[in-house]
Amino acid sequence: MSARARLAAALGWLVLLLAIGAWLSQTLSFSGDLRRFLPDPRTPEQRLLIDELGEGPGSRLLLVALRDADPATLAAQSQAMADALGEDARFGFVANGAGGGLDAIPERLRPYRYLLSPTFDTQPLDADFLREQVALRLQDLGSPAGDLVEPLLPSDPTLETLRLAEAWLPARAPQTLHEVWFDRAGAQALLLVETRAAGFDPDGQREAVQAIQAAYAQARGDGPGELELSGPGAFADEIGARTAREAGWIGTIDSIGLLLLLLVAYRSWKIPLLGALPLATAGLAGLAALVLLFGDRVHGITIAFGFTLIGVVQDYPIHFFSQQRAGLSPWRSVRALWPTLATGVASTCIAYLTFLFSGVDGLRQLAVFTIVAMATAALCTRFLLPGLIDPARRDVAGSPRLLALWRWIERLPRPRWSLLAIALLALAVIAWRPGAFWQNDLARLTPVPAPLLERDAQLRDELGAPDVRYVLTLQAADVEAALQASERLRPALDALVRDGALDGYDMAARYLPSVALQRARQQGLPQAAGLRASLEAALADSAFRADAFEPFLADVEAARGAPALQVRDLAGTPLASSVQGLLVEGQEHATALVSLSGLHDVAAVARVAAAGGARLLDMKQASESLVADYRGRILAALALAALLLVATVWIALRSPRRALRVLLPMALTTLLVVAVLRAAGVELTLFHLVSLILAAGLGLDYALFFEHAGDSREDQLRTLHAVIVCSLMTLLVFSLLALSSIPVLRAIGSTVALGVLSNFVLSLLVSRAPAAGPATAAPDDAWPPSAHVDAGAREPRA
Amino acid sequence: MLKAPLRLSGEYRRPDAATLVREVRTPYAETTTIGGGHATVTREGKPERRFALSRAPELAALQSSFGALLSGDIDALRARYTVDVQGTDADWSLRLRPRDAALAGRLQDIVLHGGGDELRCIESRPVKGPVQRTLLAGAAQAALRAGDDADVAALCRGDRDPG
């Protein structure tokens, strides 16, 4: 193939990759659903979290504050936003205090007020009560606000509509200025918005945040004011945007750095292109395998872990490039390299196979992605790259600077017992450093800046918004049973509110009484003739005309004959989202949720819950136990993987001593990195674990290649060149990540960077054989490794 | 809905510059105390009800207009209303139109009728519904004397008592 044909083939490959990438980006949809990532639930709490909630009722709420304008302007903005968002299908409900609960009851359901209101549970609807109510209504008419009440009176002389509206207000509503909610200082208009998208759905939350911002921009126009958004969804969006920003500049510097590095290392502008092809192909092959095997059940975190892990394949073409020299056909050179490369890939892939049997969908996906990607990259390097690379004009072994470096390394002492000392020291640090070993709180990895959290707590308090951590749950055979159980729990909860253990609570039964309760209320309502007689008696000597309340008689009669109101009847009303958010219908049972706001005494609430057959669910604790479970499974898989890895390397190298020299650097590095992280007070997370696996994979390759180079000086020089380029590339990428302000990126970056440094040094000093002189590759078993290690250890003291 | 237009009688009091008390004596007893951003309503045989004035702009309007008028604070009045004076010293009227958009959505205007230094009547015209008239001082006494036959609108305007 001519140089031009080779370049054309490489560019053709690139174009093919771009096309596949474009297709994948259309097909592939990541799930933001944590259930795709976490293991199967075991405890009842976990099961509830995973199967039925996925999240708490509070996590879909966004808190909105409008400020920096005069109250009337803010109120108008609040109203305009509420109107706009109320019609937006992406939001379940929008509350800003306007309209109260009165609009919540559509006309067709108005007669149901006599089944929904608790008034007549304790008070019969008789002549005495009506007389008293009618007298009060006269006073209402005589008050300065009489014209507001007047239209309600003919059908509702006891003002049951208003009573319901008041009962449905949030437990602790903010103050109302200019007819909308304001904070206590009267400086900020407040709104509460519930998204239909789940709290853990980053795309849905981003869309919601953007829709709110757009509605605000529209409402404000050119006027003054400032919008503030808070809540889990807003935080996720904020952190996502920050991650994208940082990943943007880190990616740019990485690209420039890698390009320069490869240009300097190989003096050919085609090398960066050829070097990128196997990695890109590997990533796309891995993604394609996921799409084919798992469809849309792929979690974003799995992909992030996967791409971290396949960072190792970037080294494959580098080893090949550094072995190139004039007079040697690329095909011969790659054949010489292949056994070592294949050993590394095969042993790592076999290790990842253990993830397939971990019982966690996310880990299975990770294994499929990584194995497919690594095999693809290795096969690309073996069978495609040699056909595309230009014949080498120079041999990196001929570089005088590299030679000088190599000579200096040759003179370095060979560690032996010192390694044992270091290992023991690392173990001691790991074992005795105080502080938790693992960090189970996934949220701590993407923490919300403290000022934002404080603001959120403040707004949550002003709005009486529910707690995102705790929720009470009541499980029952069906919706009716769940509603009845909720009703039985109410007196105890009300007592908690009176005692100050709790500021307020919300439950579906507050809006929709059980059928049994509705039936009981129906039976308590007087018959038409009796009610008419009572009303006539009540009106006899009043200021009202005798026929003033005919619509009231009709409504009570309608309520008496109506079928009990069910969840489905609420469809399309503002009540629907309140009820549906608090009532989860499972396959064989229903769960009623009681959201809590202003939780002051967790223990007291837990006691009441237990006594009432409910469960106080600590979402944080449940999700943390899931994370711990997940980690346990990874660790178990890893233990097995380590054994398989050792066995594979042993079989491939056919000598326990050689296997030990190859495996020692990565084992020691893992120990060292964990010790350094522990010493720095870092609590380890899943992300550290994945980074350690990547570092170990890199270390295995470094050691294999150094070991493979034997004692030939030229081969050692070429391997040294390759490993220097590999580790510089990895160091560049991951030390930039270590500088990030985002804890996840920092965790991955610092762990891998440390691991690369340690692996590089250790494989140079442990896996590399002392040079025999400028000969071509020696037979593999020509030198007893132990003798060389001893010789090396004696050398420096001479 | 009512057999006859509702007529209340009672007393307005200003125990201090920031408080207005509206006491209804007949046909029922009710005392509304407006001040400090809150209104407290006391009804016979019922627990006291207290709510923020922000929830009842009508009461806030009453407090601000009446209070400012009684204390002779025209600046305070002008801050909340466009003020329009008509008539002579012996028979004047003061038309107040709310500046606040929220209140203007519910209340068209308040017209105060008087003669000399006596405030005779407050006419409050909501956007929806009939005019509410509050007769004071001499006009109120005249209405009480006339009983059910009193022409409240005429008394408010200050028409000479035909009887």
# chains A, B, ... in the order shown; residues from 1 in each chain; ligands from 1

$ residues_around --residues "segment 754-757 of chain A" --least-positions-apart "3" --cutoff "8 Å" --atoms "only C-alpha atoms" --output "ChimeraX atom specification"
/A:669-670,673,692,695-696,698-699,727,730-731,750-751,760-761

$ residues_around --residues "Arg6 of chain A" --least-positions-apart "6" --cutoff "10 Å" --atoms "only C-alpha atoms" --output "PyMOL selection string"
chain A and resi 12+385-390

$ interface_residues --of "chain A" --to "chain B" --cutoff "10 Å" --atoms "only C-alpha atoms" --output "short mmCIF file (atom, residue, chain, number, x, y, z; two decimals) with N, CA and C atoms, in the first residue's frame"
data_model
loop_
_atom_site.label_atom_id
_atom_site.label_comp_id
_atom_site.auth_asym_id
_atom_site.auth_seq_id
_atom_site.Cartn_x
_atom_site.Cartn_y
_atom_site.Cartn_z
N ALA A 72 -45.12 44.19 44.35
CA ALA A 72 -46.20 44.10 43.37
C ALA A 72 -45.68 43.50 42.06
N THR A 73 -44.49 43.94 41.64
CA THR A 73 -43.89 43.41 40.42
C THR A 73 -43.59 41.92 40.57
N ALA A 75 -45.04 39.86 42.53
CA ALA A 75 -46.29 39.11 42.55
C ALA A 75 -46.81 38.90 41.14
N ALA A 76 -46.70 39.94 40.31
CA ALA A 76 -47.16 39.81 38.93
C ALA A 76 -46.32 38.78 38.19
N ALA A 135 -76.46 32.73 60.53
CA ALA A 135 -76.20 33.98 61.26
C ALA A 135 -74.77 34.46 61.00
N LEU A 136 -73.86 33.50 60.99
CA LEU A 136 -72.47 33.86 60.73
C LEU A 136 -72.30 34.40 59.32
N LEU A 138 -74.42 36.05 57.64
CA LEU A 138 -74.89 37.43 57.59
C LEU A 138 -73.75 38.37 58.03
N GLN A 139 -73.03 37.96 59.03
CA GLN A 139 -71.89 38.77 59.49
C GLN A 139 -70.82 38.84 58.41
N LEU A 141 -71.36 38.71 55.24
CA LEU A 141 -71.85 39.66 54.22
C LEU A 141 -71.66 41.09 54.69
N GLY A 142 -71.75 41.31 55.98
CA GLY A 142 -71.61 42.65 56.52
C GLY A 142 -70.17 43.09 56.67
N SER A 143 -69.23 42.19 56.49
CA SER A 143 -67.82 42.56 56.64
C SER A 143 -67.34 43.25 55.37
N PRO A 144 -66.27 43.98 55.46
CA PRO A 144 -65.77 44.68 54.26
C PRO A 144 -65.47 43.72 53.11
N ALA A 145 -65.27 42.42 53.39
CA ALA A 145 -64.97 41.48 52.31
C ALA A 145 -66.21 40.69 51.88
N GLY A 146 -67.37 41.21 52.22
CA GLY A 146 -68.62 40.49 51.98
C GLY A 146 -68.84 40.10 50.53
N ASP A 147 -68.40 40.96 49.59
CA ASP A 147 -68.68 40.66 48.18
C ASP A 147 -67.93 39.42 47.70
N LEU A 148 -66.87 39.01 48.44
CA LEU A 148 -66.14 37.80 48.06
C LEU A 148 -66.93 36.55 48.42
N GLU A 150 -70.24 36.34 48.98
CA GLU A 150 -71.61 36.30 48.51
C GLU A 150 -71.89 35.25 47.44
N PRO A 151 -71.05 35.18 46.37
CA PRO A 151 -71.39 34.21 45.32
C PRO A 151 -71.37 32.76 45.79
N LEU A 153 -72.48 31.62 48.72
CA LEU A 153 -73.48 31.28 49.74
C LEU A 153 -74.66 30.42 49.29
N PRO A 154 -75.29 30.69 48.13
CA PRO A 154 -76.51 29.93 47.81
C PRO A 154 -76.30 28.43 47.85
N GLN A 175 -46.68 33.43 53.99
CA GLN A 175 -47.61 34.55 54.00
C GLN A 175 -47.97 34.95 52.56
N THR A 176 -49.13 35.53 52.42
CA THR A 176 -49.58 35.95 51.09
C THR A 176 -49.56 37.47 51.00
N LEU A 177 -48.83 37.97 50.01
CA LEU A 177 -48.85 39.40 49.72
C LEU A 177 -49.29 39.53 48.28
N HIS A 178 -50.11 40.51 47.99
CA HIS A 178 -50.60 40.69 46.62
C HIS A 178 -51.11 39.37 46.06
N GLU A 179 -51.71 38.56 46.95
CA GLU A 179 -52.36 37.31 46.58
C GLU A 179 -51.43 36.18 46.18
N VAL A 180 -50.13 36.34 46.38
CA VAL A 180 -49.23 35.20 46.15
C VAL A 180 -48.30 35.03 47.34
N SER A 542 -84.58 34.71 60.07
CA SER A 542 -83.28 35.28 59.68
C SER A 542 -83.48 36.36 58.62
N ALA A 543 -82.39 37.03 58.27
CA ALA A 543 -82.45 38.08 57.25
C ALA A 543 -82.48 37.51 55.84
N PHE A 544 -82.21 36.18 55.73
CA PHE A 544 -82.16 35.57 54.40
C PHE A 544 -83.54 35.18 53.91
N ARG A 545 -83.72 35.21 52.59
CA ARG A 545 -84.99 34.79 52.02
C ARG A 545 -85.11 33.28 52.12
N ALA A 546 -86.33 32.79 52.14
CA ALA A 546 -86.56 31.35 52.34
C ALA A 546 -85.99 30.51 51.21
N ASP A 547 -85.95 31.08 49.97
CA ASP A 547 -85.48 30.28 48.84
C ASP A 547 -84.01 30.56 48.50
N ALA A 548 -83.30 31.23 49.41
CA ALA A 548 -81.92 31.65 49.11
C ALA A 548 -80.98 30.47 48.90
N PHE A 549 -81.27 29.31 49.52
CA PHE A 549 -80.29 28.23 49.52
C PHE A 549 -80.75 26.99 48.79
#

$ closest_residue --among "B:Ala146, B:Val85, B:Leu94, B:Leu20" --to "His38 of chain B" --atoms "only C-alpha atoms"
B:Leu20

$ residues_around --residues "segment 112-121 of chain A" --least-positions-apart "2" --cutoff "10 Å" --atoms "only C-alpha atoms" --output "ChimeraX atom specification"
/A:105,107-110,123-125,156,158-165,167,509-515,517-525,555-560,562-565

$ write_last_selection --atoms "N, CA and C atoms" --output "CSV table (one decimal), in the first residue's frame"
chain,number,residue,atom,x,y,z
A,105,ILE,N,-61.1,22.3,43.2
A,105,ILE,CA,-62.3,21.4,43.1
A,105,ILE,C,-63.0,21.8,41.8
A,107,GLU,N,-66.0,22.0,39.1
A,107,GLU,CA,-67.4,22.2,39.3
A,107,GLU,C,-68.1,20.8,39.5
A,108,ARG,N,-67.8,19.8,38.6
A,108,ARG,CA,-68.5,18.6,38.7
A,108,ARG,C,-68.3,17.8,40.0
A,109,LEU,N,-67.2,18.2,40.7
A,109,LEU,CA,-66.9,17.5,42.0
A,109,LEU,C,-67.4,18.3,43.2
A,110,ARG,N,-67.9,19.5,43.0
A,110,ARG,CA,-68.3,20.4,44.1
A,110,ARG,C,-69.2,19.7,45.1
A,123,GLN,N,-70.5,16.9,63.8
A,123,GLN,CA,-71.6,17.9,63.9
A,123,GLN,C,-72.7,17.5,62.9
A,124,PRO,N,-73.9,17.1,63.4
A,124,PRO,CA,-75.0,16.8,62.5
A,124,PRO,C,-75.4,18.1,61.7
A,125,LEU,N,-75.8,17.9,60.5
A,125,LEU,CA,-76.3,19.0,59.6
A,125,LEU,C,-77.8,19.2,59.9
A,156,ASP,N,-73.6,26.9,49.3
A,156,ASP,CA,-72.7,26.5,50.4
A,156,ASP,C,-72.8,27.4,51.6
A,158,THR,N,-72.6,26.7,54.7
A,158,THR,CA,-71.7,26.4,55.8
A,158,THR,C,-70.3,26.7,55.4
A,159,LEU,N,-70.1,27.2,54.1
A,159,LEU,CA,-68.8,27.5,53.6
A,159,LEU,C,-67.8,26.3,53.7
A,160,GLU,N,-68.4,25.1,53.3
A,160,GLU,CA,-67.5,23.9,53.3
A,160,GLU,C,-66.4,24.0,52.3
A,161,THR,N,-66.7,24.7,51.2
A,161,THR,CA,-65.7,24.8,50.1
A,161,THR,C,-64.4,25.5,50.7
A,162,LEU,N,-64.7,26.6,51.4
A,162,LEU,CA,-63.5,27.3,52.0
A,162,LEU,C,-62.8,26.5,53.1
A,163,ARG,N,-63.6,25.7,53.8
A,163,ARG,CA,-63.0,24.9,54.8
A,163,ARG,C,-62.1,23.8,54.2
A,164,LEU,N,-62.5,23.2,53.1
A,164,LEU,CA,-61.7,22.3,52.4
A,164,LEU,C,-60.4,23.0,51.8
A,165,ALA,N,-60.6,24.1,51.2
A,165,ALA,CA,-59.5,24.9,50.6
A,165,ALA,C,-58.5,25.1,51.7
A,167,ALA,N,-58.1,23.4,54.5
A,167,ALA,CA,-57.5,22.1,54.9
A,167,ALA,C,-56.5,21.6,53.9
A,509,ALA,N,-54.7,10.8,52.0
A,509,ALA,CA,-56.0,10.8,52.7
A,509,ALA,C,-56.5,12.2,53.1
A,510,ARG,N,-55.5,13.1,53.1
A,510,ARG,CA,-55.9,14.5,53.4
A,510,ARG,C,-56.8,15.1,52.2
A,511,TYR,N,-56.6,14.6,51.1
A,511,TYR,CA,-57.3,15.1,49.9
A,511,TYR,C,-58.5,14.1,49.5
A,512,LEU,N,-58.2,12.8,49.7
A,512,LEU,CA,-59.1,11.8,49.3
A,512,LEU,C,-59.4,10.8,50.4
A,513,PRO,N,-60.5,11.0,51.1
A,513,PRO,CA,-60.8,10.0,52.2
A,513,PRO,C,-61.1,8.7,51.6
A,514,SER,N,-60.9,7.6,52.4
A,514,SER,CA,-61.2,6.3,52.0
A,514,SER,C,-62.6,6.2,51.6
A,515,VAL,N,-62.9,5.1,50.8
A,515,VAL,CA,-64.3,4.9,50.4
A,515,VAL,C,-65.2,4.7,51.7
A,517,LEU,N,-64.8,5.9,54.7
A,517,LEU,CA,-65.1,7.1,55.4
A,517,LEU,C,-66.2,8.0,54.6
A,518,GLN,N,-66.0,7.9,53.2
A,518,GLN,CA,-67.0,8.7,52.4
A,518,GLN,C,-68.4,8.1,52.6
A,519,ARG,N,-68.5,6.7,52.6
A,519,ARG,CA,-69.8,6.1,52.8
A,519,ARG,C,-70.4,6.5,54.2
A,520,ALA,N,-69.5,6.5,55.2
A,520,ALA,CA,-70.0,6.9,56.5
A,520,ALA,C,-70.6,8.3,56.5
A,521,ARG,N,-69.8,9.2,55.8
A,521,ARG,CA,-70.3,10.6,55.8
A,521,ARG,C,-71.6,10.7,55.0
A,522,GLN,N,-71.7,9.9,53.9
A,522,GLN,CA,-73.0,9.9,53.1
A,522,GLN,C,-74.2,9.5,54.0
A,523,GLN,N,-73.9,8.5,54.9
A,523,GLN,CA,-75.0,8.0,55.7
A,523,GLN,C,-75.4,9.1,56.7
A,524,GLY,N,-74.4,9.9,57.1
A,524,GLY,CA,-74.7,10.9,58.1
A,524,GLY,C,-75.4,12.1,57.6
A,525,LEU,N,-75.5,12.3,56.3
A,525,LEU,CA,-76.1,13.4,55.7
A,525,LEU,C,-77.7,13.3,55.8
A,555,ASP,N,-77.2,20.2,46.2
A,555,ASP,CA,-75.8,19.6,46.3
A,555,ASP,C,-75.8,18.5,47.4
A,556,VAL,N,-76.4,18.8,48.5
A,556,VAL,CA,-76.4,17.7,49.5
A,556,VAL,C,-77.0,16.5,49.0
A,557,GLU,N,-78.1,16.6,48.3
A,557,GLU,CA,-78.8,15.4,47.8
A,557,GLU,C,-77.9,14.7,46.8
A,558,ALA,N,-77.2,15.5,45.9
A,558,ALA,CA,-76.3,14.9,45.0
A,558,ALA,C,-75.2,14.1,45.7
A,559,ALA,N,-74.7,14.7,46.8
A,559,ALA,CA,-73.6,14.1,47.6
A,559,ALA,C,-74.1,12.8,48.2
A,560,ARG,N,-75.3,12.8,48.6
A,560,ARG,CA,-75.9,11.6,49.2
A,560,ARG,C,-76.0,10.4,48.3
A,562,ALA,N,-74.1,10.1,45.4
A,562,ALA,CA,-73.0,9.9,44.5
A,562,ALA,C,-72.2,8.7,44.9
A,563,PRO,N,-71.6,8.0,43.8
A,563,PRO,CA,-70.6,7.0,44.1
A,563,PRO,C,-69.4,7.6,44.8
A,564,ALA,N,-68.7,6.8,45.7
A,564,ALA,CA,-67.6,7.4,46.4
A,564,ALA,C,-66.5,7.8,45.4
A,565,LEU,N,-65.9,8.9,45.8
A,565,LEU,CA,-64.8,9.5,44.9
A,565,LEU,C,-63.6,8.6,44.9

$ residues_around --residues "Ala606 of chain A" --least-positions-apart "3" --cutoff "9 Å" --atoms "only C-alpha atoms" --output "list in words"
Leu472, Asp601, Val602, Ala603, Ala609, Ala610, Ala611, Ala614, Arg615, Leu616 and Leu617 of chain A

$ select_by_dssp --residues "segment 13-133 of chain B" --states "alpha helix (DSSP H)" --output "PyMOL selection string"
chain B and resi 57-70+74-80+101-104

$ write_last_selection --atoms "C-alpha atoms" --output "PDB file, in the first residue's frame"
ATOM      1  CA  PRO B  57     -56.924  43.940  51.199  1.00  0.00           C
ATOM      2  CA  GLU B  58     -60.388  45.384  51.837  1.00  0.00           C
ATOM      3  CA  LEU B  59     -59.644  45.673  55.530  1.00  0.00           C
ATOM      4  CA  ALA B  60     -56.226  47.117  54.837  1.00  0.00           C
ATOM      5  CA  ALA B  61     -57.835  49.714  52.595  1.00  0.00           C
ATOM      6  CA  LEU B  62     -60.337  50.618  55.261  1.00  0.00           C
ATOM      7  CA  GLN B  63     -57.587  51.001  57.818  1.00  0.00           C
ATOM      8  CA  SER B  64     -55.337  53.090  55.593  1.00  0.00           C
ATOM      9  CA  SER B  65     -58.011  55.418  54.219  1.00  0.00           C
ATOM     10  CA  PHE B  66     -59.984  55.899  57.368  1.00  0.00           C
ATOM     11  CA  GLY B  67     -56.916  56.123  59.570  1.00  0.00           C
ATOM     12  CA  ALA B  68     -55.125  58.609  57.360  1.00  0.00           C
ATOM     13  CA  LEU B  69     -58.257  60.698  57.031  1.00  0.00           C
ATOM     14  CA  LEU B  70     -58.946  60.829  60.731  1.00  0.00           C
ATOM     15  CA  ILE B  74     -53.099  63.794  53.429  1.00  0.00           C
ATOM     16  CA  ASP B  75     -49.621  62.607  52.394  1.00  0.00           C
ATOM     17  CA  ALA B  76     -50.275  59.102  53.696  1.00  0.00           C
ATOM     18  CA  LEU B  77     -53.559  59.150  51.831  1.00  0.00           C
ATOM     19  CA  ARG B  78     -51.956  60.334  48.594  1.00  0.00           C
ATOM     20  CA  ALA B  79     -49.346  57.584  48.847  1.00  0.00           C
ATOM     21  CA  ARG B  80     -52.039  54.945  48.505  1.00  0.00           C
ATOM     22  CA  ALA B 101     -53.016  47.123  41.467  1.00  0.00           C
ATOM     23  CA  ALA B 102     -54.142  44.251  43.679  1.00  0.00           C
ATOM     24  CA  LEU B 103     -56.579  46.447  45.589  1.00  0.00           C
ATOM     25  CA  ALA B 104     -57.731  48.217  42.434  1.00  0.00           C
TER      26      ALA B 104
END

$ atom_distance --atom1 "atom CA of Gln621 of chain A" --atom2 "atom CA of Phe235 of chain A"
20.5 Å

$ residues_around --residues "Leu63 of chain A" --least-positions-apart "5" --cutoff "6 Å" --atoms "only C-alpha atoms" --output "ChimeraX atom specification"
/A:192,229-231

$ write_last_selection --atoms "N, CA and C atoms" --output "CSV table (one decimal), in the first residue's frame"
chain,number,residue,atom,x,y,z
A,192,LEU,N,-43.8,26.9,44.3
A,192,LEU,CA,-43.4,25.5,44.5
A,192,LEU,C,-43.8,24.8,43.2
A,229,LEU,N,-33.4,29.3,42.0
A,229,LEU,CA,-34.0,28.0,41.9
A,229,LEU,C,-33.3,27.1,42.9
A,230,SER,N,-34.1,26.3,43.6
A,230,SER,CA,-33.4,25.3,44.5
A,230,SER,C,-34.1,24.0,44.5
A,231,GLY,N,-33.6,23.0,45.2
A,231,GLY,CA,-34.2,21.7,45.1
A,231,GLY,C,-33.3,20.7,44.4

$ closest_residue --among "B:Pro98, B:Asp109, B:Ile34, B:Tyr12" --to "Arg50 of chain B" --atoms "only C-alpha atoms"
B:Ile34

$ closest_residue --among "B:Ala90, B:Leu155, B:Ala139, B:Ala17" --to "Gly72 of chain B" --atoms "only C-alpha atoms"
B:Ala17

$ atom_distance --atom1 "atom CA of Leu672 of chain A" --atom2 "atom CA of Ala436 of chain A"
17.9 Å
